[in-house]
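Source file upload_38.txt; content: compact mmCIF, C-alpha atoms.
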```txt
# COMPACT_ATOMS: atom_id res chain seq x y z
CA MET A 1 -29.23 -2.85 -18.66
CA PRO A 2 -25.74 -3.18 -20.23
CA ALA A 3 -22.84 -1.60 -18.35
CA ASP A 4 -21.88 1.83 -19.68
CA PRO A 5 -18.07 2.28 -19.69
CA ALA A 6 -18.33 6.09 -19.60
CA ALA A 7 -20.64 5.98 -16.59
CA LEU A 8 -18.38 3.47 -14.85
CA ARG A 9 -15.34 5.67 -15.48
CA LEU A 10 -17.12 8.65 -13.98
CA ALA A 11 -18.21 6.62 -10.96
CA LEU A 12 -14.62 5.44 -10.48
CA ALA A 13 -13.35 9.03 -10.70
CA GLU A 14 -15.87 10.10 -8.07
CA GLU A 15 -14.89 7.17 -5.82
CA VAL A 16 -11.20 8.06 -6.11
CA THR A 17 -11.94 11.72 -5.35
CA ALA A 18 -14.11 10.86 -2.34
CA ALA A 19 -11.21 8.85 -0.89
CA ASN A 20 -8.78 11.73 -1.55
CA PRO A 21 -10.66 15.06 -1.34
CA ALA A 22 -7.43 17.01 -1.90
CA LEU A 23 -6.95 15.42 -5.33
CA ASP A 24 -6.45 17.94 -8.12
CA SER A 25 -9.45 18.02 -10.44
CA GLY A 26 -7.15 17.42 -13.41
CA TRP A 27 -6.32 13.93 -12.12
CA ARG A 28 -9.99 13.23 -11.45
CA ASP A 29 -10.74 14.19 -15.04
CA ALA A 30 -7.97 11.89 -16.28
CA VAL A 31 -9.49 8.90 -14.44
CA ALA A 32 -12.89 9.77 -15.89
CA ALA A 33 -11.46 10.02 -19.40
CA VAL A 34 -9.05 7.06 -19.77
CA PRO A 35 -10.75 3.80 -20.88
CA ARG A 36 -9.16 1.36 -18.48
CA GLU A 37 -10.70 -1.66 -20.21
CA LEU A 38 -8.33 -1.11 -23.15
CA PHE A 39 -5.36 -1.78 -20.88
CA LEU A 40 -6.61 -4.99 -19.24
CA GLY A 41 -6.83 -6.95 -22.47
CA THR A 42 -8.74 -10.22 -22.30
CA ALA A 43 -7.74 -11.70 -18.94
CA ALA A 44 -6.40 -10.91 -15.47
CA PHE A 45 -5.39 -12.85 -12.37
CA ARG A 46 -7.11 -12.89 -9.00
CA PRO A 47 -5.55 -14.37 -5.85
CA THR A 48 -6.72 -17.76 -4.63
CA GLY A 49 -4.82 -17.88 -1.34
CA THR A 50 -2.20 -20.29 -2.65
CA GLY A 51 -1.67 -18.84 -6.11
CA TRP A 52 -3.32 -16.95 -8.93
CA GLU A 53 -6.40 -17.87 -10.94
CA PRO A 54 -7.00 -16.41 -14.42
CA VAL A 55 -10.26 -14.58 -15.05
CA TYR A 56 -11.19 -14.47 -18.73
CA ARG A 57 -13.18 -11.62 -20.19
CA ALA A 58 -15.05 -13.91 -22.57
CA GLU A 59 -16.15 -16.23 -19.75
CA VAL A 60 -17.36 -13.68 -17.18
CA GLY A 61 -19.18 -11.58 -19.78
CA GLU A 62 -18.69 -7.96 -20.81
CA ASP A 63 -20.78 -6.39 -18.06
CA GLU A 64 -19.02 -8.23 -15.24
CA TRP A 65 -15.65 -7.58 -16.86
CA LEU A 66 -16.28 -3.83 -17.04
CA ARG A 67 -17.37 -3.76 -13.40
CA MET A 68 -14.14 -5.54 -12.46
CA VAL A 69 -12.07 -3.14 -14.56
CA TYR A 70 -13.68 -0.06 -13.04
CA SER A 71 -13.28 -1.14 -9.44
CA ASP A 72 -10.53 0.73 -7.62
CA GLN A 73 -8.23 -2.23 -7.25
CA THR A 74 -5.08 -3.65 -8.75
CA TRP A 75 -5.50 -6.40 -11.32
CA VAL A 76 -2.46 -8.61 -11.76
CA THR A 77 -1.86 -9.26 -15.45
CA GLN A 78 1.35 -11.29 -15.30
CA VAL A 79 2.75 -13.83 -12.80
CA GLU A 80 6.33 -15.03 -13.13
CA GLU A 81 6.28 -13.47 -16.64
CA LYS A 82 3.23 -15.56 -17.64
CA ASP A 83 0.39 -13.43 -19.04
CA ALA A 84 -3.10 -14.17 -17.74
CA ALA A 85 -4.37 -14.62 -21.30
CA ASP A 86 -1.78 -17.34 -21.97
CA VAL A 87 -2.49 -19.71 -19.09
CA THR A 88 -5.24 -22.31 -18.81
CA GLY A 89 -5.44 -22.65 -15.04
CA PRO A 90 -4.13 -21.42 -11.68
CA VAL A 91 -0.43 -20.59 -11.39
CA ALA A 92 1.92 -20.03 -8.46
CA GLY A 93 4.57 -17.38 -7.98
CA SER A 94 5.00 -13.64 -7.64
CA PRO A 95 3.26 -11.00 -9.78
CA THR A 96 5.53 -9.38 -12.38
CA SER A 97 3.08 -6.88 -13.86
CA SER A 98 -0.28 -5.39 -13.00
CA ALA A 99 -2.79 -2.69 -13.76
CA THR A 100 -2.31 -0.62 -10.62
CA LEU A 101 -5.39 0.60 -8.80
CA PRO A 102 -6.31 4.02 -10.19
CA SER A 103 -6.32 5.73 -6.79
CA LEU A 104 -2.63 4.85 -6.34
CA VAL A 105 -1.79 6.00 -9.87
CA VAL A 106 -3.22 9.47 -9.28
CA ARG A 107 -2.02 9.58 -5.66
CA THR A 108 1.55 9.08 -6.90
CA ALA A 109 1.08 11.82 -9.48
CA GLN A 110 -0.34 14.10 -6.81
CA VAL A 111 2.59 13.46 -4.45
CA ALA A 112 4.94 14.17 -7.38
CA GLU A 113 3.28 17.60 -7.79
CA LEU A 114 3.27 17.12 -11.55
CA ARG A 115 2.10 20.07 -13.65
CA PRO A 116 1.26 20.49 -17.34
CA GLY A 117 4.36 21.50 -19.24
CA GLN A 118 6.77 19.46 -17.14
CA LYS A 119 8.80 16.76 -18.85
CA VAL A 120 8.28 13.51 -16.95
CA LEU A 121 9.96 10.10 -17.04
CA GLU A 122 7.73 7.25 -15.90
CA VAL A 123 9.70 4.17 -14.85
CA GLY A 124 7.52 1.13 -15.54
CA THR A 125 5.01 1.42 -18.37
CA GLY A 126 3.29 -1.84 -17.42
CA THR A 127 -0.08 -2.08 -19.12
CA GLY A 128 0.11 1.57 -20.17
CA TYR A 129 -2.84 2.72 -18.04
CA SER A 130 -0.82 5.00 -15.77
CA THR A 131 0.98 6.36 -18.85
CA ALA A 132 -2.36 7.25 -20.42
CA VAL A 133 -3.44 9.05 -17.24
CA LEU A 134 -0.21 11.09 -17.34
CA CYS A 135 -0.74 11.89 -21.01
CA HIS A 136 -4.26 13.14 -20.39
CA ARG A 137 -3.13 15.51 -17.64
CA LEU A 138 0.32 16.60 -18.85
CA GLY A 139 0.14 16.20 -22.63
CA ALA A 140 1.63 13.20 -24.41
CA GLY A 141 4.57 15.27 -25.68
CA ASN A 142 5.75 15.72 -22.09
CA VAL A 143 5.66 12.03 -21.13
CA VAL A 144 8.47 9.51 -21.57
CA SER A 145 7.81 5.98 -20.28
CA ILE A 146 10.24 3.06 -20.12
CA GLU A 147 9.43 -0.63 -19.63
CA TYR A 148 11.86 -3.45 -18.82
CA ASP A 149 9.80 -6.27 -20.40
CA ALA A 150 9.78 -6.01 -24.21
CA VAL A 151 6.55 -8.04 -24.56
CA LEU A 152 4.76 -5.84 -22.03
CA ALA A 153 6.14 -2.74 -23.74
CA ALA A 154 4.74 -3.81 -27.11
CA SER A 155 1.35 -4.57 -25.58
CA ALA A 156 1.29 -1.20 -23.77
CA ALA A 157 2.20 0.61 -27.00
CA ALA A 158 -0.76 -1.01 -28.75
CA HIS A 159 -3.10 -0.13 -25.87
CA LEU A 160 -1.92 3.47 -25.82
CA SER A 161 -2.33 3.83 -29.57
CA GLU A 162 -5.87 2.47 -29.35
CA ALA A 163 -6.59 4.98 -26.61
CA GLY A 164 -5.28 7.81 -28.78
CA CYS A 165 -2.17 8.50 -26.69
CA ALA A 166 1.27 9.07 -28.23
CA PRO A 167 3.90 9.40 -25.48
CA THR A 168 7.56 8.62 -26.06
CA LEU A 169 8.04 4.94 -25.23
CA ALA A 170 11.28 3.06 -24.59
CA VAL A 171 12.29 -0.49 -23.75
CA GLY A 172 15.07 -1.01 -21.23
CA ASP A 173 16.07 -1.05 -17.60
CA GLY A 174 14.24 1.86 -16.02
CA LEU A 175 16.64 1.74 -13.08
CA GLN A 176 19.13 3.22 -15.55
CA GLY A 177 16.62 5.94 -16.41
CA CYS A 178 16.23 6.81 -20.07
CA LYS A 179 19.28 8.82 -21.05
CA LYS A 180 18.27 9.19 -24.69
CA HIS A 181 15.40 11.52 -23.82
CA ALA A 182 16.84 13.19 -20.67
CA ASP A 183 16.82 15.61 -18.92
CA TYR A 184 13.59 15.49 -16.93
CA ASP A 185 11.74 17.82 -14.60
CA ALA A 186 10.38 14.83 -12.71
CA ILE A 187 10.89 11.07 -12.50
CA ILE A 188 8.12 8.88 -11.09
CA ALA A 189 8.29 5.14 -10.60
CA THR A 190 5.45 2.64 -10.79
CA CYS A 191 7.72 0.11 -9.12
CA SER A 192 9.31 0.18 -5.67
CA VAL A 193 13.07 0.37 -5.13
CA ARG A 194 15.38 -0.49 -2.24
CA SER A 195 17.34 2.72 -2.89
CA ILE A 196 17.32 5.47 -5.50
CA PRO A 197 19.28 4.45 -8.64
CA HIS A 198 22.18 6.81 -9.30
CA SER A 199 21.13 7.36 -12.93
CA TRP A 200 17.93 9.04 -11.83
CA PHE A 201 19.88 11.83 -10.15
CA TRP A 202 21.99 12.49 -13.23
CA GLN A 203 19.02 12.70 -15.60
CA LEU A 204 17.15 15.42 -13.69
CA ASN A 205 17.05 19.10 -14.48
CA ASP A 206 18.14 21.49 -11.73
CA GLY A 207 15.49 21.43 -9.02
CA GLY A 208 13.95 18.27 -10.46
CA SER A 209 12.15 15.70 -8.36
CA ILE A 210 12.01 11.93 -7.88
CA THR A 211 8.80 10.29 -6.61
CA THR A 212 8.94 6.63 -5.72
CA THR A 213 8.26 4.11 -2.97
CA ILE A 214 11.21 2.91 -0.92
CA CYS A 215 10.63 -0.74 -0.07
CA GLY A 216 12.66 -3.72 1.06
CA TRP A 217 12.52 -7.43 1.63
CA MET A 218 10.15 -7.15 4.61
CA LEU A 219 7.72 -5.52 2.13
CA ALA A 220 6.99 -2.34 4.09
CA ALA A 221 7.27 0.75 1.92
CA GLY A 222 7.22 4.51 2.15
CA MET A 223 6.21 6.88 -0.64
CA ILE A 224 8.40 9.94 -0.99
CA ARG A 225 9.07 12.94 -3.24
CA LEU A 226 12.71 14.00 -3.25
CA VAL A 227 13.77 17.37 -4.66
CA LEU A 228 17.28 17.94 -5.98
CA ASP A 229 19.15 20.93 -4.57
CA ASP A 230 21.93 23.01 -6.17
CA GLU A 231 24.61 20.68 -4.78
CA GLY A 232 23.11 17.50 -6.19
CA THR A 233 21.59 16.24 -2.94
CA ALA A 234 17.93 15.24 -2.84
CA HIS A 235 15.73 15.84 0.19
CA GLY A 236 12.18 14.86 1.09
CA ARG A 237 9.72 13.50 3.62
CA PHE A 238 7.62 10.38 3.36
CA THR A 239 3.86 10.43 3.06
CA GLY A 240 1.65 8.41 5.37
CA ASP A 241 0.49 6.04 2.62
CA THR A 242 0.55 2.35 3.52
CA ILE A 243 0.36 0.94 0.01
CA THR A 244 3.09 0.14 -2.43
CA TYR A 245 4.08 -0.95 -5.91
CA MET A 246 5.84 -4.20 -6.75
CA LEU A 247 9.59 -4.13 -6.29
CA ALA A 248 11.60 -3.51 -9.44
CA ARG A 249 12.72 -6.90 -10.71
CA PRO A 250 16.46 -6.32 -10.11
CA HIS A 251 15.64 -5.25 -6.52
CA GLU A 252 13.52 -8.32 -5.75
CA ARG A 253 14.56 -10.95 -3.23
CA PRO A 254 16.43 -13.93 -4.66
CA PRO A 255 14.60 -17.27 -4.43
CA SER A 256 14.56 -18.55 -0.86
CA PRO A 257 15.29 -22.13 0.18
CA SER A 258 13.03 -23.90 2.65
CA PHE A 259 13.50 -22.56 6.16
CA PHE A 260 15.00 -24.81 8.83
CA ARG A 261 15.69 -23.51 12.30
CA LEU A 262 19.32 -23.83 13.33
CA GLU A 263 20.65 -23.88 16.87
CA GLY A 264 21.61 -20.50 18.25
CA ASP A 265 21.80 -18.22 21.26
CA SER A 266 18.61 -17.47 23.17
CA ARG A 267 17.57 -14.54 25.35
CA ARG A 268 14.48 -12.64 26.43
CA THR A 269 13.38 -9.87 24.07
CA ARG A 270 13.06 -6.28 25.25
CA LEU A 271 10.10 -5.62 22.94
CA ASP A 272 7.01 -7.42 21.70
CA PRO A 273 7.70 -8.82 18.19
CA GLY A 274 4.11 -7.82 17.40
CA LEU A 275 5.48 -4.33 16.68
CA LEU A 276 6.48 -5.71 13.28
CA GLU A 277 2.78 -5.99 12.44
CA GLU A 278 2.64 -2.18 12.39
CA TRP A 279 3.56 -0.65 9.03
CA ALA A 280 6.02 1.88 10.47
CA GLY A 281 7.48 -0.71 12.84
CA ARG A 282 8.17 -3.09 9.98
CA PHE A 283 9.58 -0.22 7.91
CA VAL A 284 12.04 0.54 10.75
CA ALA A 285 12.96 -3.14 11.09
CA GLN A 286 13.65 -3.26 7.37
CA LEU A 287 15.96 -0.24 7.63
CA ALA A 288 17.91 -1.94 10.41
CA ALA A 289 18.24 -5.29 8.60
CA PRO A 290 18.05 -4.43 4.89
CA SER A 291 18.95 -7.87 3.56
CA ALA A 292 16.56 -9.78 5.83
CA GLU A 293 13.14 -11.13 5.01
CA LEU A 294 10.30 -11.51 7.49
CA MET A 295 8.00 -14.47 8.00
CA THR A 296 5.24 -14.83 10.57
CA THR A 297 4.04 -17.97 12.31
CA SER A 298 1.30 -18.71 14.79
CA SER A 299 3.85 -18.46 17.59
CA GLY A 300 6.04 -15.54 16.55
CA ILE A 301 8.18 -14.06 13.81
CA ILE A 302 11.13 -15.34 11.80
CA LEU A 303 13.89 -13.21 10.31
CA ARG A 304 16.25 -14.68 7.72
CA ASP A 305 19.13 -12.76 6.21
CA VAL A 306 19.36 -13.43 2.50
CA ALA A 307 23.03 -12.45 2.29
CA THR A 308 24.50 -14.40 5.22
CA GLY A 309 21.92 -17.03 6.15
CA SER A 310 21.64 -15.59 9.65
CA GLN A 311 18.38 -16.37 11.46
CA ALA A 312 16.29 -15.10 14.34
CA TRP A 313 12.95 -16.35 15.57
CA THR A 314 10.76 -15.55 18.54
CA GLU A 315 8.54 -17.68 20.76
CA PRO A 316 6.16 -16.83 23.61
CA ASP A 317 7.73 -17.14 27.05
CA GLY A 318 5.28 -16.55 29.86
CA GLU A 319 4.21 -12.92 29.64
CA GLY A 320 7.11 -12.07 27.32
CA TRP A 321 9.07 -13.45 24.41
CA THR A 322 12.29 -15.36 23.81
CA VAL A 323 14.41 -14.88 20.71
CA CYS A 324 16.90 -17.37 19.28
CA GLN A 325 19.60 -16.07 16.94
CA HIS A 326 21.98 -17.95 14.67
CA GLY A 327 24.67 -16.78 12.28
CA PRO A 328 27.15 -13.90 11.91
CA LEU A 329 24.40 -11.24 12.14
CA ARG A 330 22.34 -10.84 15.28
CA LEU A 331 19.24 -9.92 13.33
CA TRP A 332 16.89 -9.42 16.26
CA ASP A 333 19.51 -7.29 18.06
CA GLN A 334 19.64 -4.99 15.03
CA VAL A 335 15.87 -4.84 14.67
CA GLU A 336 15.24 -4.45 18.38
CA GLN A 337 17.64 -1.54 18.72
CA ALA A 338 16.00 0.24 15.81
CA LEU A 339 12.53 -0.35 17.24
CA LEU A 340 13.65 1.05 20.59
CA LEU A 341 14.88 4.23 18.87
CA TRP A 342 11.57 4.48 17.02
CA ARG A 343 9.60 3.95 20.22
CA ASP A 344 11.68 6.53 22.09
CA ALA A 345 10.86 8.99 19.28
CA GLY A 346 7.15 8.43 19.98
CA ALA A 347 6.55 5.52 17.57
CA PRO A 348 5.61 7.96 14.77
CA ASP A 349 4.01 7.02 11.49
CA LEU A 350 5.91 7.52 8.24
CA THR A 351 5.03 11.21 7.96
CA GLU A 352 7.75 11.85 10.57
CA PHE A 353 10.37 10.08 8.45
CA GLY A 354 12.51 11.78 5.84
CA MET A 355 15.37 11.03 3.52
CA THR A 356 18.57 12.68 2.34
CA ALA A 357 20.09 11.13 -0.75
CA THR A 358 22.92 11.37 -3.25
CA PRO A 359 23.93 8.77 -5.85
CA PHE A 360 26.47 7.47 -3.33
CA GLU A 361 24.84 7.71 0.10
CA GLN A 362 21.18 7.59 1.09
CA THR A 363 19.91 8.03 4.63
CA VAL A 364 16.43 7.64 6.09
CA TRP A 365 15.85 9.48 9.35
CA ILE A 366 13.18 10.22 11.94
CA GLY A 367 12.34 13.84 12.75
CA SER A 368 15.38 15.46 11.16
CA PRO A 369 18.67 14.39 9.57
CA LYS A 370 20.20 14.58 13.07
CA GLY A 371 17.64 12.18 14.49
CA PRO A 372 17.77 8.36 14.46
CA ASN A 373 18.90 7.34 10.99
CA TRP A 374 19.81 4.36 8.82
CA GLN A 375 21.68 3.91 5.55
CA LEU A 376 19.94 2.35 2.57
CA PRO A 377 21.78 -0.36 0.57
CA VAL A 378 23.03 1.81 -2.32
```
Produce structure tokens that represent the structure in this file.
Amino acid sequence: MPADPAALRLALAEEVTAANPALDSGWRDAVAAVPRELFLGTAAFRPTGTGWEPVYRAEVGEDEWLRMVYSDQTWVTQVEEKDAADVTGPVAGSPTSSATLPSLVVRTAQVAELRPGQKVLEVGTGTGYSTAVLCHRLGAGNVVSIEYDAVLAASAAAHLSEAGCAPTLAVGDGLQGCKKHADYDAIIATCSVRSIPHSWFWQLNDGGSITTTICGWMLAAGMIRLVLDDEGTAHGRFTGDTITYMLARPHERPPSPSFFRLEGDSRRTRLDPGLLEEWAGRFVAQLAAPSAELMTTSSGIILRDVATGSQAWTEPDGEGWTVCQHGPLRLWDQVEQALLLWRDAGAPDLTEFGMTATPFEQTVWIGSPKGPNWQLPV
């Protein structure tokens, strides 16, 4: 029996709701109504372990394609700015656009507490799927969406038109907001950022909100809704979600050279480096060393600071661990001290973390603003 797109949409909506029972029925209805297949085009990438392999709609057949489309997962549509439909074989590199899994799309909207009648700026149109979901729930006249990549923006505009959606679309750097159509009651981002861009603050109405994921180069992220107060300071607490969007392109790590260990100072660690395998532990490490990236090996972890070239790596040493550090920054010292503060606070998950932010200074803290805290790289 041929796959029925309407039935698959409804099944997806029910799956998303079962995973998030508190989801507003309006977002469930949006998932059930928006034809996701329109936004995936004719091809997508799937991971191969060493790269990305294109999957072509014409080759897998319409039924299999629809079942792929209506699974609750992210489908990468572009790698290193190469569209899946334009390649003839596997490619290597980092994803630069995707059709985000529907549960994350509506989870972000739920966290943002979006309501019909609010004027919303979506940063990152991508394929246009999340934009269509917003239009269904909020009304297209209330949705402005901006996309950095002009080719993606044109494709999304065509998809949205085919789906019968007519939001206000713009092409440009979403980290600068979209001043032409400001001010907004809410800004939501379908990309992660290392810190909140200053333009977002200045394009909000009084009492407006910003919902985004704060991420870094260790790739641990926290989703948060920040609300602007009368003095222009935004406050909020992180959710417990352990999933994220791709980093905004200007916030991505620069290309890394091959790693070679350099001689340095060695000592015993005070903590097990395995703490960095925990989402909150890695998030804390990232706060303490914001320009460092993390690599794991069979014998330990490696930290490399992108800005200074400083290094730290750990190795088993009997029942404990030894760390070797090289360069002007003692990366493990910074990370270890932050992890000790986190542990002393009870090693909480991200729901105990919050953030206080202005365009000029942004602080993430545990418990309260007077608790352990770290500055984001504004």
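For the set A:Asp333, A:Glu147, A:Asp349, A:Glu263, the residue with the smallest atom-to-atom gap to A:Asp173 is A:Glu147, counting only C-alpha atoms.
Each of A:Gly264, A:Pro197, A:Gly208, A:Gly139 was compared to A:His326 using all atoms listed in the file, and A:Gly264 turns out to be the nearest.
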- Spatial neighbours of stretch 265-277 of chain A, 10 Å, only C-alpha atoms, chain gap at least 4 places, as a VMD selection string: chain A and resid 218 220 281 to 286 294 296 300 to 302 312 to 317 320 to 327 330 332 to 333 335 to 337 339 to 340 343 347
- Task: Just give me the gap between atom CA of A:Thr351 and atom CA of A:Asp241 in Å, one decimal is fine.
- Result: 8.7 Å
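Distances from A:Arg253, A:Arg304, A:Arg261, A:Arg9 to A:Ala33 were compared using all atoms listed in the file, and the smallest one belongs to A:Arg9.
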- If you count all atoms listed in the file, the residue of A:Gly240, A:Gly172, A:Gly232, A:Gly61 closest to A:Thr213 turns out to be A:Gly240
- Task: For A:Gly354, please output as a list in words all residues within 9 Å (counting only C-alpha atoms; exclusion window: fewer than 6 positions along the same chain).
- Result: Ile224, His235, Gly236, Arg237, Phe238, Thr363, Val364, Trp365, Ile366, Gly367, Ser368 and Pro369 of chain A
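Considering the residues A:Glu80, A:Asp185, A:Glu162, A:Glu64 and counting only C-alpha atoms, A:Glu122 has its shortest atom-to-atom contact with A:Asp185.
The coordinates place atom CA of A:Ser71 at 20.5 Å from atom CA of A:Thr125.
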- If you count only C-alpha atoms, which residues fall within 10 Å of stretch 191-195 of chain A, apart from same-chain ones fewer than 5 positions away, as a ChimeraX atom specification? /A:97,122-126,174-175,212-217,219,221-223,244-252,287,290,357,359,361-363,375-378
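A straight line drawn from atom CA of A:Asp4 to atom CA of A:Glu53 is 26.5 Å long.
Counting only C-alpha atoms, A:Gln334 has the following residues at most 7 Å away, ignoring those fewer than 4 positions along the same chain: Ala288, Ala289, Arg330 and Ala338 of chain A.
Once A:Gln203 and its same-chain neighbours fewer than 3 positions away are set aside, Leu121, Gln176, Gly177, Cys178, Lys179, Lys180, His181, Ala182, Asp183, Tyr184, Asp185, Ala186, Ile187, His198, Ser199, Trp200, Asp206 and Gly208 of chain A remain within 10 Å of it when counting all atoms listed in the file.
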Residue rebuild result stretch 88-96 of chain A, all heavy atoms as a PDB file, keeping the file's coordinate frame:
```pdb
ATOM      1  N   THR A  88      -3.953 -21.592 -18.765  1.00  0.00           N
ATOM      2  CA  THR A  88      -5.240 -22.310 -18.810  1.00  0.00           C
ATOM      3  C   THR A  88      -5.757 -22.681 -17.437  1.00  0.00           C
ATOM      4  O   THR A  88      -6.814 -23.306 -17.320  1.00  0.00           O
ATOM      5  CB  THR A  88      -5.096 -23.581 -19.661  1.00  0.00           C
ATOM      6  OG1 THR A  88      -4.056 -24.398 -19.102  1.00  0.00           O
ATOM      7  CG2 THR A  88      -4.759 -23.238 -21.097  1.00  0.00           C
ATOM      8  N   GLY A  89      -5.017 -22.318 -16.400  1.00  0.00           N
ATOM      9  CA  GLY A  89      -5.440 -22.650 -15.040  1.00  0.00           C
ATOM     10  C   GLY A  89      -4.624 -21.887 -14.031  1.00  0.00           C
ATOM     11  O   GLY A  89      -3.777 -21.057 -14.393  1.00  0.00           O
ATOM     12  N   PRO A  90      -4.847 -22.134 -12.734  1.00  0.00           N
ATOM     13  CA  PRO A  90      -4.130 -21.420 -11.680  1.00  0.00           C
ATOM     14  C   PRO A  90      -2.618 -21.596 -11.793  1.00  0.00           C
ATOM     15  O   PRO A  90      -2.127 -22.649 -12.232  1.00  0.00           O
ATOM     16  CB  PRO A  90      -4.667 -22.052 -10.397  1.00  0.00           C
ATOM     17  CG  PRO A  90      -6.012 -22.596 -10.776  1.00  0.00           C
ATOM     18  CD  PRO A  90      -5.857 -23.057 -12.195  1.00  0.00           C
ATOM     19  N   VAL A  91      -1.884 -20.555 -11.397  1.00  0.00           N
ATOM     20  CA  VAL A  91      -0.430 -20.590 -11.390  1.00  0.00           C
ATOM     21  C   VAL A  91       0.063 -20.110 -10.041  1.00  0.00           C
ATOM     22  O   VAL A  91      -0.645 -19.415  -9.307  1.00  0.00           O
ATOM     23  CB  VAL A  91       0.176 -19.734 -12.522  1.00  0.00           C
ATOM     24  CG1 VAL A  91      -0.245 -20.238 -13.882  1.00  0.00           C
ATOM     25  CG2 VAL A  91      -0.216 -18.265 -12.359  1.00  0.00           C
ATOM     26  N   ALA A  92       1.295 -20.465  -9.708  1.00  0.00           N
ATOM     27  CA  ALA A  92       1.920 -20.030  -8.460  1.00  0.00           C
ATOM     28  C   ALA A  92       3.067 -19.079  -8.786  1.00  0.00           C
ATOM     29  O   ALA A  92       3.587 -19.076  -9.900  1.00  0.00           O
ATOM     30  CB  ALA A  92       2.438 -21.244  -7.686  1.00  0.00           C
ATOM     31  N   GLY A  93       3.434 -18.280  -7.805  1.00  0.00           N
ATOM     32  CA  GLY A  93       4.570 -17.380  -7.980  1.00  0.00           C
ATOM     33  C   GLY A  93       4.231 -15.952  -7.629  1.00  0.00           C
ATOM     34  O   GLY A  93       3.170 -15.649  -7.071  1.00  0.00           O
ATOM     35  N   SER A  94       5.143 -15.056  -7.972  1.00  0.00           N
ATOM     36  CA  SER A  94       5.000 -13.640  -7.640  1.00  0.00           C
ATOM     37  C   SER A  94       4.533 -12.856  -8.862  1.00  0.00           C
ATOM     38  O   SER A  94       4.956 -13.143  -9.990  1.00  0.00           O
ATOM     39  CB  SER A  94       6.336 -13.069  -7.159  1.00  0.00           C
ATOM     40  OG  SER A  94       6.773 -13.736  -5.997  1.00  0.00           O
ATOM     41  N   PRO A  95       3.668 -11.858  -8.666  1.00  0.00           N
ATOM     42  CA  PRO A  95       3.260 -11.000  -9.780  1.00  0.00           C
ATOM     43  C   PRO A  95       4.455 -10.267 -10.381  1.00  0.00           C
ATOM     44  O   PRO A  95       5.353  -9.830  -9.656  1.00  0.00           O
ATOM     45  CB  PRO A  95       2.287 -10.017  -9.128  1.00  0.00           C
ATOM     46  CG  PRO A  95       1.817 -10.687  -7.888  1.00  0.00           C
ATOM     47  CD  PRO A  95       2.984 -11.497  -7.419  1.00  0.00           C
ATOM     48  N   THR A  96       4.457 -10.130 -11.698  1.00  0.00           N
ATOM     49  CA  THR A  96       5.530  -9.380 -12.380  1.00  0.00           C
ATOM     50  C   THR A  96       4.985  -8.217 -13.177  1.00  0.00           C
ATOM     51  O   THR A  96       5.774  -7.424 -13.705  1.00  0.00           O
ATOM     52  CB  THR A  96       6.342 -10.325 -13.291  1.00  0.00           C
ATOM     53  OG1 THR A  96       5.450 -11.142 -14.066  1.00  0.00           O
ATOM     54  CG2 THR A  96       7.239 -11.231 -12.468  1.00  0.00           C
TER      55      THR A  96
END
```
